[in-house]
Structure formats: C-alpha cells, structure tokens
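Colleague: So here's work-v7.pdb (PDB, C-alpha atoms).
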ATOM      1  CA  MET X   1     -10.192 -27.363   3.188
ATOM      2  CA  ALA X   2      -6.632 -27.644   1.874
ATOM      3  CA  PRO X   3      -5.850 -25.718  -1.306
ATOM      4  CA  GLY X   4      -5.553 -27.784  -4.440
ATOM      5  CA  VAL X   5      -3.422 -27.572  -7.514
ATOM      6  CA  GLY X   6      -4.344 -24.660  -9.728
ATOM      7  CA  GLU X   7      -6.173 -22.707  -7.005
ATOM      8  CA  LEU X   8      -5.294 -19.086  -6.557
ATOM      9  CA  PHE X   9      -6.254 -16.503  -3.939
ATOM     10  CA  ILE X  10      -6.580 -13.024  -5.459
ATOM     11  CA  ALA X  11      -7.224  -9.797  -3.580
ATOM     12  CA  GLU X  12      -8.051  -7.098  -6.129
ATOM     13  CA  PRO X  13      -7.335  -3.438  -5.304
ATOM     14  CA  ASP X  14     -10.417  -1.545  -4.099
ATOM     15  CA  GLU X  15     -10.727   1.626  -6.204
ATOM     16  CA  GLN X  16     -12.948   3.407  -3.676
ATOM     17  CA  ALA X  17     -10.534   2.744  -0.814
ATOM     18  CA  TRP X  18      -7.685   4.225  -2.842
ATOM     19  CA  ARG X  19      -9.695   7.366  -3.612
ATOM     20  CA  ARG X  20     -11.006   8.098  -0.098
ATOM     21  CA  PRO X  21      -7.928   9.941   1.242
ATOM     22  CA  VAL X  22      -7.649  12.058  -1.909
ATOM     23  CA  VAL X  23     -11.284  13.180  -1.709
ATOM     24  CA  ARG X  24     -10.704  14.550   1.800
ATOM     25  CA  TRP X  25      -7.648  16.494   0.646
ATOM     26  CA  VAL X  26      -9.485  17.924  -2.377
ATOM     27  CA  ILE X  27     -12.392  19.055  -0.190
ATOM     28  CA  GLY X  28      -9.920  20.610   2.259
ATOM     29  CA  GLY X  29      -8.077  22.385  -0.556
ATOM     30  CA  VAL X  30     -11.319  23.792  -1.977
ATOM     31  CA  ALA X  31     -12.300  24.971   1.519
ATOM     32  CA  VAL X  32      -8.947  26.771   1.929
ATOM     33  CA  VAL X  33      -9.411  28.501  -1.444
ATOM     34  CA  VAL X  34     -12.973  29.587  -0.589
ATOM     35  CA  VAL X  35     -11.913  30.887   2.853
ATOM     36  CA  ALA X  36      -8.956  32.768   1.343
ATOM     37  CA  LEU X  37     -11.184  34.416  -1.247
ATOM     38  CA  GLY X  38     -13.812  35.253   1.377
ATOM     39  CA  LEU X  39     -11.250  36.816   3.721
ATOM     40  CA  TRP X  40      -9.702  38.815   0.897
ATOM     41  CA  VAL X  41     -13.040  40.051  -0.478
ATOM     42  CA  GLY X  42     -14.206  40.886   3.062
ATOM     43  CA  GLY X  43     -11.080  42.965   3.611
ATOM     44  CA  TRP X  44      -9.768  40.887   6.530
ATOM     45  CA  LEU X  45      -6.750  39.620   4.614
ATOM     46  CA  PRO X  46      -4.300  41.575   2.432
ATOM     47  CA  ARG X  47      -3.848  40.584  -1.192
ATOM     48  CA  TRP X  48      -0.507  38.808  -0.570
ATOM     49  CA  GLY X  49      -2.031  36.791   2.306
ATOM     50  CA  ALA X  50      -4.892  35.662   0.102
ATOM     51  CA  LEU X  51      -2.455  34.689  -2.660
ATOM     52  CA  VAL X  52      -0.377  32.653  -0.205
ATOM     53  CA  LEU X  53      -3.478  30.819   1.046
ATOM     54  CA  LEU X  54      -4.728  30.250  -2.506
ATOM     55  CA  ALA X  55      -1.337  28.896  -3.600
ATOM     56  CA  LEU X  56      -1.152  26.678  -0.537
ATOM     57  CA  GLY X  57      -4.613  25.255  -1.173
ATOM     58  CA  VAL X  58      -3.898  24.531  -4.829
ATOM     59  CA  VAL X  59      -0.376  23.139  -4.309
ATOM     60  CA  VAL X  60      -1.448  20.756  -1.531
ATOM     61  CA  VAL X  61      -4.292  19.369  -3.645
ATOM     62  CA  VAL X  62      -2.073  18.945  -6.724
ATOM     63  CA  VAL X  63       0.686  17.223  -4.725
ATOM     64  CA  ARG X  64      -1.750  14.830  -3.027
ATOM     65  CA  ALA X  65      -3.489  14.014  -6.319
ATOM     66  CA  ALA X  66      -0.129  13.373  -8.008
ATOM     67  CA  GLY X  67       0.882  11.114  -5.125
ATOM     68  CA  TYR X  68      -2.367   9.199  -5.499
ATOM     69  CA  VAL X  69      -1.816   8.698  -9.216
ATOM     70  CA  GLY X  70       1.767   7.532  -8.667
ATOM     71  CA  ARG X  71       0.884   5.094  -5.870
ATOM     72  CA  ARG X  72      -2.151   3.794  -7.675
ATOM     73  CA  LYS X  73      -0.227   3.084 -10.884
ATOM     74  CA  ARG X  74       2.558   1.263  -9.038
ATOM     75  CA  ARG X  75       0.210  -0.740  -6.814
ATOM     76  CA  SER X  76      -2.503  -1.551  -9.323
ATOM     77  CA  SER X  77      -1.555  -5.210  -9.380
ATOM     78  CA  PRO X  78      -3.514  -7.525  -7.089
ATOM     79  CA  LEU X  79      -2.201  -9.535  -4.160
ATOM     80  CA  MET X  80      -1.958 -13.148  -5.327
ATOM     81  CA  ILE X  81      -1.345 -16.166  -3.131
ATOM     82  CA  ASP X  82      -0.933 -19.695  -4.469
ATOM     83  CA  LEU X  83       0.926 -22.918  -3.747
ATOM     84  CA  ASP X  84       4.220 -21.408  -4.948
ATOM     85  CA  GLY X  85       4.160 -18.259  -2.796
ATOM     86  CA  VAL X  86       2.979 -14.658  -2.697
ATOM     87  CA  ARG X  87       2.909 -12.009  -5.431
ATOM     88  CA  LEU X  88       2.818  -8.806  -3.434
ATOM     89  CA  PRO X  89       2.291  -5.282  -4.829
ATOM     90  CA  THR X  90       4.893  -2.785  -3.578
ATOM     91  CA  GLY X  91       5.554   0.893  -4.196
ATOM     92  CA  GLN X  92       7.947   0.097  -7.046
ATOM     93  CA  GLY X  93       6.089  -2.827  -8.596
ATOM     94  CA  PRO X  94       5.248  -6.411  -7.651
ATOM     95  CA  ALA X  95       7.514  -8.620  -5.545
ATOM     96  CA  VAL X  96       7.354 -12.406  -5.778
ATOM     97  CA  LEU X  97       8.226 -14.362  -2.635
ATOM     98  CA  PRO X  98       8.180 -18.173  -2.578
ATOM     99  CA  TRP X  99       7.044 -19.806   0.673
ATOM    100  CA  ASP X 100      10.547 -20.891   1.647
ATOM    101  CA  ALA X 101      11.685 -17.247   1.403
ATOM    102  CA  LEU X 102       9.082 -15.935   3.859
ATOM    103  CA  ARG X 103       9.925 -15.935   7.564
ATOM    104  CA  SER X 104       6.698 -14.458   8.923
ATOM    105  CA  VAL X 105       3.704 -12.242   8.347
ATOM    106  CA  VAL X 106       3.207  -9.662  11.092
ATOM    107  CA  VAL X 107      -0.331  -8.364  11.564
ATOM    108  CA  ASP X 108      -0.270  -4.776  12.844
ATOM    109  CA  GLY X 109      -3.824  -3.434  12.733
ATOM    110  CA  PRO X 110      -4.960  -3.380   9.106
ATOM    111  CA  THR X 111      -1.378  -3.652   7.824
ATOM    112  CA  LEU X 112       0.383  -6.943   7.101
ATOM    113  CA  TYR X 113       4.203  -7.011   6.991
ATOM    114  CA  PHE X 114       5.724  -9.811   4.897
ATOM    115  CA  ARG X 115       9.197 -10.541   6.332
ATOM    116  CA  VAL X 116      11.795 -12.597   4.501
ATOM    117  CA  ARG X 117      14.221 -15.097   6.059
ATOM    118  CA  PRO X 118      17.721 -13.764   6.917
ATOM    119  CA  SER X 119      19.385 -16.052   4.338
ATOM    120  CA  ILE X 120      17.302 -14.684   1.446
ATOM    121  CA  THR X 121      18.874 -12.173  -0.938
ATOM    122  CA  PRO X 122      17.443 -10.374  -3.975
ATOM    123  CA  THR X 123      19.222 -12.946  -6.187
ATOM    124  CA  THR X 124      17.721 -16.010  -4.453
ATOM    125  CA  PRO X 125      16.012 -18.259  -7.033
ATOM    126  CA  GLY X 126      12.267 -17.622  -7.132
ATOM    127  CA  VAL X 127      12.531 -14.191  -5.483
ATOM    128  CA  GLU X 128      11.635 -11.319  -7.793
ATOM    129  CA  GLY X 129      11.215  -7.581  -7.338
ATOM    130  CA  LEU X 130      13.560  -7.141  -4.356
ATOM    131  CA  HIS X 131      16.549  -6.007  -6.420
ATOM    132  CA  ARG X 132      15.576  -2.350  -6.029
ATOM    133  CA  ARG X 133      17.438  -0.294  -3.402
ATOM    134  CA  ASP X 134      14.237   0.646  -1.572
ATOM    135  CA  ALA X 135      12.648  -2.819  -1.483
ATOM    136  CA  TRP X 136      15.432  -4.986  -0.086
ATOM    137  CA  PRO X 137      16.091  -3.110   3.207
ATOM    138  CA  VAL X 138      12.354  -3.057   3.929
ATOM    139  CA  ALA X 139      11.822  -6.744   3.109
ATOM    140  CA  SER X 140      14.778  -7.885   5.214
ATOM    141  CA  GLY X 141      13.942  -5.527   8.092
ATOM    142  CA  PRO X 142      10.418  -4.580   9.114
ATOM    143  CA  GLY X 143       8.832  -6.399   6.170
ATOM    144  CA  LEU X 144       7.024  -5.441   2.985
ATOM    145  CA  PRO X 145       3.819  -3.672   4.063
ATOM    146  CA  LEU X 146       0.385  -4.429   2.691
ATOM    147  CA  ASP X 147      -2.540  -2.262   3.811
ATOM    148  CA  SER X 148      -5.461  -4.693   3.763
ATOM    149  CA  ARG X 149      -7.985  -1.821   3.714
ATOM    150  CA  LEU X 150      -7.001  -1.111   0.110
ATOM    151  CA  TYR X 151      -8.125  -4.526  -1.182
ATOM    152  CA  ARG X 152     -11.479  -6.188  -1.697
ATOM    153  CA  ARG X 153     -10.545  -9.086   0.570
ATOM    154  CA  GLY X 154     -10.290  -8.506   4.310
ATOM    155  CA  ARG X 155      -7.239  -8.889   6.527
ATOM    156  CA  GLU X 156      -8.449 -12.150   8.054
ATOM    157  CA  GLU X 157      -9.149 -13.653   4.624
ATOM    158  CA  ILE X 158      -5.608 -12.797   3.510
ATOM    159  CA  VAL X 159      -4.091 -14.254   6.698
ATOM    160  CA  ALA X 160      -6.166 -17.428   6.291
ATOM    161  CA  ALA X 161      -4.972 -17.762   2.678
ATOM    162  CA  VAL X 162      -1.338 -17.383   3.771
ATOM    163  CA  ARG X 163      -1.862 -20.121   6.383
ATOM    164  CA  ALA X 164      -3.662 -22.461   3.991
ATOM    165  CA  PHE X 165      -1.448 -22.081   0.924
ATOM    166  CA  SER X 166       1.839 -22.132   2.866
ATOM    167  CA  GLY X 167       0.784 -25.232   4.782
ATOM    168  CA  ASP X 168       1.394 -23.308   8.028
ATOM    169  CA  SER X 169       5.095 -22.923   7.168
ATOM    170  CA  VAL X 170       4.892 -19.130   7.543
ATOM    171  CA  ARG X 171       4.563 -17.851  11.099
ATOM    172  CA  ILE X 172       1.685 -15.384  11.647
ATOM    173  CA  THR X 173       2.278 -12.978  14.535
ATOM    174  CA  ARG X 174       0.358 -10.029  15.931
ATOM    175  CA  ALA X 175       2.189  -6.792  16.694
TER     176      ALA X 175
END
Transcribe the structure of this file into structure tokens.
Modeller:
Amino acid sequence: MAPGVGELFIAEPDEQAWRRPVVRWVIGGVAVVVVALGLWVGGWLPRWGALVLLALGVVVVVVRAAGYVGRRKRRSSPLMIDLDGVRLPTGQGPAVLPWDALRSVVVDGPTLYFRVRPSITPTTPGVEGLHRRDAWPVASGPGLPLDSRLYRRGREEIVAAVRAFSGDSVRITRA
C-alpha cells in the first residue's frame, strides 16, 4: 500500500531499551563496592586499595549514569518518516533530511546509517540539524547512525517505511 497524504511513520524511543545498559553498569558498580568492602573487612586488602576500588566503582557508575542522561535527553525525539523526508534523532538534536538529500540507508546489524548525497551541504534548503561540527562529517561520510534496538519499531519496519515513503528513491544496502 502506497503512503498517502498526511500519513506519518513514527518510531518512539523505547525507555526500557535505553535503560538496559545502565542497569548492568549499576549492578557491576555495586558488586565492585561490595567486593572492596568485603576484602578490606576480611583483611585481604589494605585501606588504600579498598578506597581505590570503592572510588572506581562509584565513579564508573556516576559517569555511565550521566552519559545515559545526556544521551537520553538529546535523543528523546522520535524517528519520523513522511512524504517529505526523515526527521532523525542524533546526539546533538534532530536532523531533518528531505528525500532528495538522502543517498542511501545502510543496514549494518541493528544499526541504520543514513547517508546524504555528495552535493548536499548543511545549508541545502530543507536540510536541518547538520550545521553542527560533529554532525556534518558523519552525515557526509559513514552516515548518521540510528540504533533500531532503541525504538519501539523494528529495523525491518523502519526500512520498509523508508522504501514506501521515499518511493524507492533511497537505496537500501546491507553492510
């Protein structure tokens, strides 16, 4: 079925998928703290060794949790695909790419890379969000990555939406 006017494909971020990696790091950090305390109380580790392990456990958990919060805030917007193009969440905020700006979508496992055409620049009409120093080299090179595991719609659903809404004008390749 061809998409009609006013239709929109939305892939909302999956909160549980975003939290999964952080939970593992928190459990690991708590385990390091418990082991450090146990070794120190048991007399197998000097006080300075226990303090180093405790600090390491706490710092790693805090850094990973802060990274989660930062990524989650920047990528909280959904992936949206319509007849005009793609609104893609990136690390620095959303990027808008019209269909004529996209060269291909490369499927590499669960990750999709949205690659722009060589003639496209951050100032091309319709293109938004690529003016940042970190976004443009990625978009024009390997492509803007999208980890499909972090959204409520699967990889194949997203690829099918790209095919349908672009009218097969965007090449889909497998890495």
Colleague: Find the residues around stretch 55-71 of chain X up to 10 Å (all atoms listed in the file counted), leave out those fewer than 2 positions away in its own chain, and share them as an MDAnalysis selection string.
Modeller: chainID X and resid 18:19 21:34 36 49:53 73:76 90:93
Colleague: Produce a file of the selected residues containing C-alpha atoms, as a compact mmCIF listing (two decimals), in the frame of the given file.
Modeller:
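Okay, out_4.txt is ready:
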# COMPACT_ATOMS: atom_id res chain seq x y z
CA TRP X 18 -7.68 4.22 -2.84
CA ARG X 19 -9.70 7.37 -3.61
CA PRO X 21 -7.93 9.94 1.24
CA VAL X 22 -7.65 12.06 -1.91
CA VAL X 23 -11.28 13.18 -1.71
CA ARG X 24 -10.70 14.55 1.80
CA TRP X 25 -7.65 16.49 0.65
CA VAL X 26 -9.48 17.92 -2.38
CA ILE X 27 -12.39 19.06 -0.19
CA GLY X 28 -9.92 20.61 2.26
CA GLY X 29 -8.08 22.38 -0.56
CA VAL X 30 -11.32 23.79 -1.98
CA ALA X 31 -12.30 24.97 1.52
CA VAL X 32 -8.95 26.77 1.93
CA VAL X 33 -9.41 28.50 -1.44
CA VAL X 34 -12.97 29.59 -0.59
CA ALA X 36 -8.96 32.77 1.34
CA GLY X 49 -2.03 36.79 2.31
CA ALA X 50 -4.89 35.66 0.10
CA LEU X 51 -2.46 34.69 -2.66
CA VAL X 52 -0.38 32.65 -0.20
CA LEU X 53 -3.48 30.82 1.05
CA LYS X 73 -0.23 3.08 -10.88
CA ARG X 74 2.56 1.26 -9.04
CA ARG X 75 0.21 -0.74 -6.81
CA SER X 76 -2.50 -1.55 -9.32
CA THR X 90 4.89 -2.78 -3.58
CA GLY X 91 5.55 0.89 -4.20
CA GLN X 92 7.95 0.10 -7.05
CA GLY X 93 6.09 -2.83 -8.60
Colleague: Would you kindly translate the PyMOL selection byres ((chain X and resi 108) around 10) into the concrete residues it picks from this file, as number ranges by chain?
Modeller: X: 105-107, 109-113, 145, 147, 173-175
Colleague: Those residues with C-alpha atoms, as an mmCIF file, keeping the file's coordinate frame please?
Modeller:
data_model
loop_
_atom_site.group_PDB
_atom_site.id
_atom_site.type_symbol
_atom_site.label_atom_id
_atom_site.label_comp_id
_atom_site.auth_asym_id
_atom_site.auth_seq_id
_atom_site.Cartn_x
_atom_site.Cartn_y
_atom_site.Cartn_z
ATOM 1 C CA VAL X 105 3.704 -12.242 8.347
ATOM 2 C CA VAL X 106 3.207 -9.662 11.092
ATOM 3 C CA VAL X 107 -0.331 -8.364 11.564
ATOM 4 C CA GLY X 109 -3.824 -3.434 12.733
ATOM 5 C CA PRO X 110 -4.960 -3.380 9.106
ATOM 6 C CA THR X 111 -1.378 -3.652 7.824
ATOM 7 C CA LEU X 112 0.383 -6.943 7.101
ATOM 8 C CA TYR X 113 4.203 -7.011 6.991
ATOM 9 C CA PRO X 145 3.819 -3.672 4.063
ATOM 10 C CA ASP X 147 -2.540 -2.262 3.811
ATOM 11 C CA THR X 173 2.278 -12.978 14.535
ATOM 12 C CA ARG X 174 0.358 -10.029 15.931
ATOM 13 C CA ALA X 175 2.189 -6.792 16.694
#
Colleague: What is the distance, in Å and to one decimal place, between atom CA of X:Glu128 and atom CA of X:Leu97?
Modeller: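 Atom CA of X:Leu97 lies at a distance of 6.9 Å from atom CA of X:Glu128.
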Colleague: Around stretch 49-58 of chain X, fit a box with edges along x, y and z, padding it by 4 Å on each side, then list its centre and edge lengths in Å to one decimal as lines of an AutoDock Vina configuration file.
Modeller:
center_x = -2.6
center_y = 30.7
center_z = -1.3
size_x = 12.5
size_y = 20.3
size_z = 15.1
Colleague: Find the spatial neighbours of X:Leu150, counting only C-alpha atoms, within a cut-off of 9 Å - ignore same-chain residues fewer than 3 positions away - and output them as number ranges by chain.
Modeller: X: 12-18, 146-147, 153
Colleague: X:Val127, X:Leu79, X:Ile10, X:Gly143: which is nearest X:Trp99, counting only C-alpha atoms?
Modeller: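 Answer, going by the shortest atom-to-atom distance: X:Val127.
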Colleague: Pick out the residues sitting within 12 Å of X:Ile120, and hand them over as a ChimeraX atom specification; count only C-alpha atoms, and ignore anything fewer than 4 positions along from it in its own chain.
Modeller: /X:97-103,115-116,124-128,130-131,136-137,139-141
Colleague: If you measure from atom CA of X:Val170 to atom CA of X:Tyr151, what distance in Å do you get, rounded to one decimal?
Modeller: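 Result for atom CA of X:Val170 versus atom CA of X:Tyr151: 21.4 Å, one decimal.
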Colleague: Fewer than 2 positions away in the same chain doesn't count, so skip those; otherwise give me all residues within 8 Å of X:Gly85, counting all atoms listed in the file, as a PyMOL selection string.
Modeller: chain X and resi 81-83+87+96-99+165-166
Colleague: Give me, as a list in words, all polymer residues having an atom no more than 9 Å from X:Gly154, counting only C-alpha atoms and skipping those fewer than 5 positions away in the same chain.
Modeller: Ala11, Pro110, Ser148, Arg149 and Val159 of chain X
Colleague: Atom CA of X:Phe9 and atom CA of X:Met80, how far apart in Å?
Modeller: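 Answer for the atom CA of X:Met80 to atom CA of X:Phe9 separation: 5.6 Å.
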Colleague: I'd like to know which of X:Thr123, X:Pro46, X:Leu144, X:Arg117 is closest to X:Ala95, using only C-alpha atoms.
Modeller: X:Leu144
Colleague: Please determine, counting only C-alpha atoms, which residue among X:Gly167, X:Pro78, X:Gly42, X:Pro122 has the shortest atom-to-atom distance to X:Asp134.
Modeller: X:Pro122
